[in-house]
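Here is the structure we will look at.
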Amino acid sequence: MQTIYISNTKEIKKLQRELENKLKLKITLKNKMLTIEGDALKEYEASIIIEAVNAGFNLNQSLLLLSDEYSLRQIFIKNSTRRKNLHDVKARIIGTEGKTKRTIESLGECYIIVKDSIVYLLAPADKVEYITTAITNLIKGSKQSNVYKFLEERNAQEKINLNEDLGIKNKD
């Protein structure tokens with residue numbers, strides 16, 4: 001049995017039955033304490049998925065964490081900047097009308113949620129490190145265009161590595 005403190009009780013309550021059916025375990029919610037009962041491995045998987053739902057990801061996005069190919073990462077904004085006005089830093093990550101966030105999500109094939117002083121990142125496990133680096137650089141003050149260029153270069157490098165692994169030669 002595992003107990004988790006959650007803040008987004010409405011969303012968890014709404015998804016409780018569906019989570020129980022998909023994860024095949026018992027979920028009990030009292031106030032802001034959520035109890036999970038079942039197989040130890042299923043409890044662990046459920047705790048990660050519930051953490052993602054609690055952060056604000058929808059159920060389909062959160063269920064990606066059942067596969068080994070996806071990872072959930074928290075980036076604490078205060079650890080990467082000395083600025084007192086976190087509103088400005090969050091605005092840099094989100095961008096005008098969400099453009100920066102959407103661009104990073106597109107280039108990184110990931111999902112991002114900015115909540116309080118934390119950036120939640122749901123990304124493919126093989127890309128999570130360099131997406132984290134990109135977001136951290138953005139928090140530290142790098143230009144958005146430099147962050148995009150970094151992600152594009154990593155994607156290009158990944159494609160080159162994939163082609164080499166398959167034995168495909170590039171035409172120069």
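Each chain in the structure tokens gets a letter, A, B and so on, in the order shown; residues start at 1 in every chain, and ligands are counted from 1 in the order they appear.
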For segment 95-109 of chain A, list every protein, DNA or RNA residue within 10 Å, evaluated using only C-alpha atoms, and leave out those in the same chain fewer than 6 positions away; present the list as a PyMOL selection string.
chain A and resi 89+121-124+127-128+130-132+134-135+138+144-145+147-152+154-155
List every residue of segment 20-156 of chain A that DSSP, applied to the backbone of this structure, places in helix (DSSP H, G or I), and write the result as a ChimeraX atom specification.
/A:20-23,40-55,59-66,77-79,86-94,96-108,128-140,144-156
For segment 28-41 of chain A, list every protein, DNA or RNA residue within 6 Å, evaluated using only C-alpha atoms, and leave out those in the same chain fewer than 5 positions away; present the list as a PDB file with C-alpha atoms, in the first residue's frame.
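As a result, out_18.pdb now contains:
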ATOM      1  CA  MET A   1       0.000   0.000   0.000  1.00  0.00           C
ATOM      2  CA  GLN A   2       1.296   3.435  -0.950  1.00  0.00           C
ATOM      3  CA  THR A   3       0.013   6.854   0.140  1.00  0.00           C
ATOM      4  CA  ILE A   4       0.493  10.013  -1.923  1.00  0.00           C
ATOM      5  CA  TYR A   5      -0.343  13.640  -1.146  1.00  0.00           C
ATOM      6  CA  ILE A   6      -2.105  15.294  -4.095  1.00  0.00           C
TER       7      ILE A   6
END
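Ranking A:Ser62, A:Asn146, A:Asn137, A:Gln157 by their shortest atom-to-atom distance to Cys110 of chain A, with only C-alpha atoms included, puts A:Ser62 first.
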Taking only C-alpha atoms into account, name the residue in A:Ile27, A:Leu19, A:Ala55, A:Ile118 that is nearest to Leu86 of chain A.
A:Ile118
Just asking: which residues within chain A are strand (DSSP E or B) according to DSSP, as a ChimeraX atom specification?
/A:2-5,26-30,33-37,70-76,111-115,118-124
Please dump the current selection as a compact mmCIF listing (two decimals), in the first residue's frame; keep N, CA and C atoms.
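Printed below is selection_6.txt as written:
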# COMPACT_ATOMS: atom_id res chain seq x y z
N GLN A 2 0.53 2.21 -0.82
CA GLN A 2 1.30 3.43 -0.95
C GLN A 2 0.36 4.62 -0.79
N THR A 3 0.81 5.66 -0.08
CA THR A 3 0.01 6.85 0.14
C THR A 3 0.72 8.05 -0.48
N ILE A 4 -0.05 8.85 -1.22
CA ILE A 4 0.49 10.01 -1.92
C ILE A 4 -0.34 11.24 -1.57
N TYR A 5 0.34 12.36 -1.34
CA TYR A 5 -0.34 13.64 -1.15
C TYR A 5 -0.56 14.26 -2.52
N LYS A 26 -6.57 -0.78 -6.62
CA LYS A 26 -7.58 -0.04 -5.86
C LYS A 26 -7.01 1.31 -5.45
N ILE A 27 -7.79 2.37 -5.75
CA ILE A 27 -7.39 3.74 -5.40
C ILE A 27 -8.43 4.32 -4.46
N THR A 28 -7.97 4.81 -3.30
CA THR A 28 -8.86 5.44 -2.33
C THR A 28 -8.40 6.88 -2.11
N LEU A 29 -9.37 7.81 -2.15
CA LEU A 29 -9.06 9.22 -2.00
C LEU A 29 -9.79 9.78 -0.79
N LYS A 30 -9.03 10.25 0.20
CA LYS A 30 -9.59 10.92 1.38
C LYS A 30 -8.89 12.25 1.53
N MET A 33 -5.21 12.98 0.52
CA MET A 33 -4.37 11.79 0.63
C MET A 33 -4.94 10.69 -0.26
N LEU A 34 -4.12 10.16 -1.14
CA LEU A 34 -4.53 9.13 -2.07
C LEU A 34 -3.78 7.84 -1.70
N THR A 35 -4.53 6.75 -1.55
CA THR A 35 -3.94 5.47 -1.19
C THR A 35 -4.09 4.51 -2.36
N ILE A 36 -3.00 3.83 -2.68
CA ILE A 36 -2.99 2.88 -3.79
C ILE A 36 -2.73 1.50 -3.20
N GLU A 37 -3.57 0.54 -3.57
CA GLU A 37 -3.40 -0.83 -3.10
C GLU A 37 -3.35 -1.78 -4.28
N TYR A 70 9.11 6.57 -22.06
CA TYR A 70 8.81 7.93 -21.61
C TYR A 70 9.23 8.14 -20.17
N SER A 71 9.52 9.39 -19.86
CA SER A 71 10.00 9.75 -18.53
C SER A 71 9.36 11.07 -18.09
N LEU A 72 9.14 11.20 -16.79
CA LEU A 72 8.60 12.44 -16.21
C LEU A 72 9.73 13.12 -15.45
N ARG A 73 9.93 14.40 -15.72
CA ARG A 73 11.00 15.14 -15.07
C ARG A 73 10.43 16.44 -14.52
N GLN A 74 10.90 16.83 -13.33
CA GLN A 74 10.54 18.12 -12.74
C GLN A 74 11.78 19.00 -12.80
N ILE A 75 11.59 20.21 -13.30
CA ILE A 75 12.68 21.18 -13.33
C ILE A 75 12.28 22.33 -12.42
N PHE A 76 13.01 22.50 -11.33
CA PHE A 76 12.70 23.56 -10.38
C PHE A 76 13.34 24.86 -10.86
N TYR A 111 5.80 16.92 -23.85
CA TYR A 111 4.73 17.73 -23.28
C TYR A 111 5.31 18.50 -22.11
N ILE A 112 4.94 19.78 -22.00
CA ILE A 112 5.47 20.64 -20.95
C ILE A 112 4.31 21.31 -20.23
N ILE A 113 4.41 21.34 -18.89
CA ILE A 113 3.46 22.10 -18.08
C ILE A 113 4.27 22.96 -17.11
N VAL A 114 3.96 24.26 -17.08
CA VAL A 114 4.61 25.19 -16.17
C VAL A 114 3.60 25.49 -15.07
N LYS A 115 3.96 25.12 -13.84
CA LYS A 115 3.04 25.25 -12.71
C LYS A 115 3.82 25.73 -11.49
N ILE A 118 7.69 25.23 -10.90
CA ILE A 118 8.18 23.96 -11.44
C ILE A 118 7.76 23.82 -12.90
N VAL A 119 8.67 23.30 -13.71
CA VAL A 119 8.36 22.94 -15.09
C VAL A 119 8.30 21.41 -15.11
N TYR A 120 7.15 20.87 -15.49
CA TYR A 120 6.99 19.42 -15.62
C TYR A 120 7.22 19.05 -17.06
N LEU A 121 8.03 18.02 -17.27
CA LEU A 121 8.40 17.59 -18.62
C LEU A 121 8.10 16.11 -18.77
N LEU A 122 7.24 15.80 -19.72
CA LEU A 122 6.92 14.41 -20.06
C LEU A 122 7.48 14.18 -21.45
N ALA A 123 8.56 13.40 -21.54
CA ALA A 123 9.31 13.30 -22.80
C ALA A 123 9.83 11.89 -23.02
N PRO A 124 10.18 11.58 -24.27
CA PRO A 124 10.84 10.31 -24.53
C PRO A 124 12.13 10.23 -23.70
I want to know what sits within 7 Å of Asn54 of chain A, based on only C-alpha atoms, with residues of the same chain fewer than 2 positions away left out; could you give that as a PDB file with N, CA and C atoms, in the first residue's frame?
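out_31.pdb was written with the following content:
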ATOM      1  N   ILE A   6      -1.809  14.677  -2.804  1.00  0.00           N
ATOM      2  CA  ILE A   6      -2.105  15.294  -4.095  1.00  0.00           C
ATOM      3  C   ILE A   6      -2.805  16.636  -3.893  1.00  0.00           C
ATOM      4  N   SER A   7      -2.656  17.510  -4.875  1.00  0.00           N
ATOM      5  CA  SER A   7      -3.302  18.819  -4.793  1.00  0.00           C
ATOM      6  C   SER A   7      -4.481  18.916  -5.757  1.00  0.00           C
ATOM      7  N   ASN A   8      -4.447  18.157  -6.837  1.00  0.00           N
ATOM      8  CA  ASN A   8      -5.473  18.220  -7.876  1.00  0.00           C
ATOM      9  C   ASN A   8      -6.525  17.130  -7.649  1.00  0.00           C
ATOM     10  N   ILE A  50      -0.086   9.064 -11.474  1.00  0.00           N
ATOM     11  CA  ILE A  50      -0.889   9.995 -10.665  1.00  0.00           C
ATOM     12  C   ILE A  50      -0.122  11.295 -10.444  1.00  0.00           C
ATOM     13  N   GLU A  51       1.189  11.213 -10.292  1.00  0.00           N
ATOM     14  CA  GLU A  51       2.002  12.424 -10.169  1.00  0.00           C
ATOM     15  C   GLU A  51       1.886  13.269 -11.437  1.00  0.00           C
ATOM     16  N   ALA A  52       1.880  12.618 -12.605  1.00  0.00           N
ATOM     17  CA  ALA A  52       1.740  13.338 -13.872  1.00  0.00           C
ATOM     18  C   ALA A  52       0.360  13.975 -13.994  1.00  0.00           C
ATOM     19  N   GLY A  56      -0.877  18.070 -14.065  1.00  0.00           N
ATOM     20  CA  GLY A  56      -1.735  18.732 -15.045  1.00  0.00           C
ATOM     21  C   GLY A  56      -1.779  18.064 -16.397  1.00  0.00           C
TER      22      GLY A  56
END
Could you please determine the separation between atom CA of Ser142 of chain A and atom CA of Ala125 of chain A in Å, to one decimal place?
24.0 Å
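Around Asp88 of chain A, within 12 Å and counting only C-alpha atoms, the residues found are Ile77, Thr81, Arg83, Lys84, Arg92, Ile93, Ile94, Gly95, Thr96, Ser117, Leu138, Ile139, Lys140 and Gly141 of chain A, once anything fewer than 4 positions away on its own chain is removed.
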Suppose we keep N, CA and C atoms; can you now write the selection as a CSV table (one decimal), in the first residue's frame?
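New file again-v7.csv:
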chain,number,residue,atom,x,y,z
A,77,ILE,N,12.5,25.8,-11.2
A,77,ILE,CA,13.0,27.1,-11.7
A,77,ILE,C,14.0,27.8,-10.8
A,81,THR,N,18.0,29.9,-11.5
A,81,THR,CA,18.0,31.3,-11.6
A,81,THR,C,18.0,32.0,-10.2
A,83,ARG,N,16.8,35.1,-10.1
A,83,ARG,CA,15.8,36.2,-10.2
A,83,ARG,C,14.7,36.0,-9.2
A,84,LYS,N,14.2,37.0,-8.6
A,84,LYS,CA,13.1,36.9,-7.6
A,84,LYS,C,11.8,36.9,-8.3
A,92,ARG,N,9.0,33.6,-20.0
A,92,ARG,CA,10.0,33.3,-21.1
A,92,ARG,C,9.9,31.8,-21.5
A,93,ILE,N,9.5,30.9,-20.6
A,93,ILE,CA,9.3,29.5,-21.0
A,93,ILE,C,8.1,29.3,-21.8
A,94,ILE,N,7.0,30.0,-21.5
A,94,ILE,CA,5.8,29.9,-22.2
A,94,ILE,C,5.8,30.7,-23.5
A,95,GLY,N,6.3,31.9,-23.5
A,95,GLY,CA,6.4,32.7,-24.7
A,95,GLY,C,5.1,33.4,-25.0
A,96,THR,N,5.1,34.2,-26.0
A,96,THR,CA,4.0,35.0,-26.4
A,96,THR,C,2.9,34.0,-26.9
A,117,SER,N,6.4,27.1,-9.4
A,117,SER,CA,7.8,27.4,-9.7
A,117,SER,C,8.5,26.1,-10.3
A,138,LEU,N,17.0,28.3,-21.1
A,138,LEU,CA,16.0,29.3,-21.3
A,138,LEU,C,15.7,30.0,-19.9
A,139,ILE,N,15.7,29.2,-18.8
A,139,ILE,CA,15.5,29.8,-17.5
A,139,ILE,C,16.6,30.7,-17.2
A,140,LYS,N,17.8,30.3,-17.5
A,140,LYS,CA,19.0,31.1,-17.2
A,140,LYS,C,19.2,32.4,-18.0
A,141,GLY,N,18.4,32.5,-19.1
A,141,GLY,CA,18.4,33.7,-19.9
A,141,GLY,C,18.8,33.6,-21.3
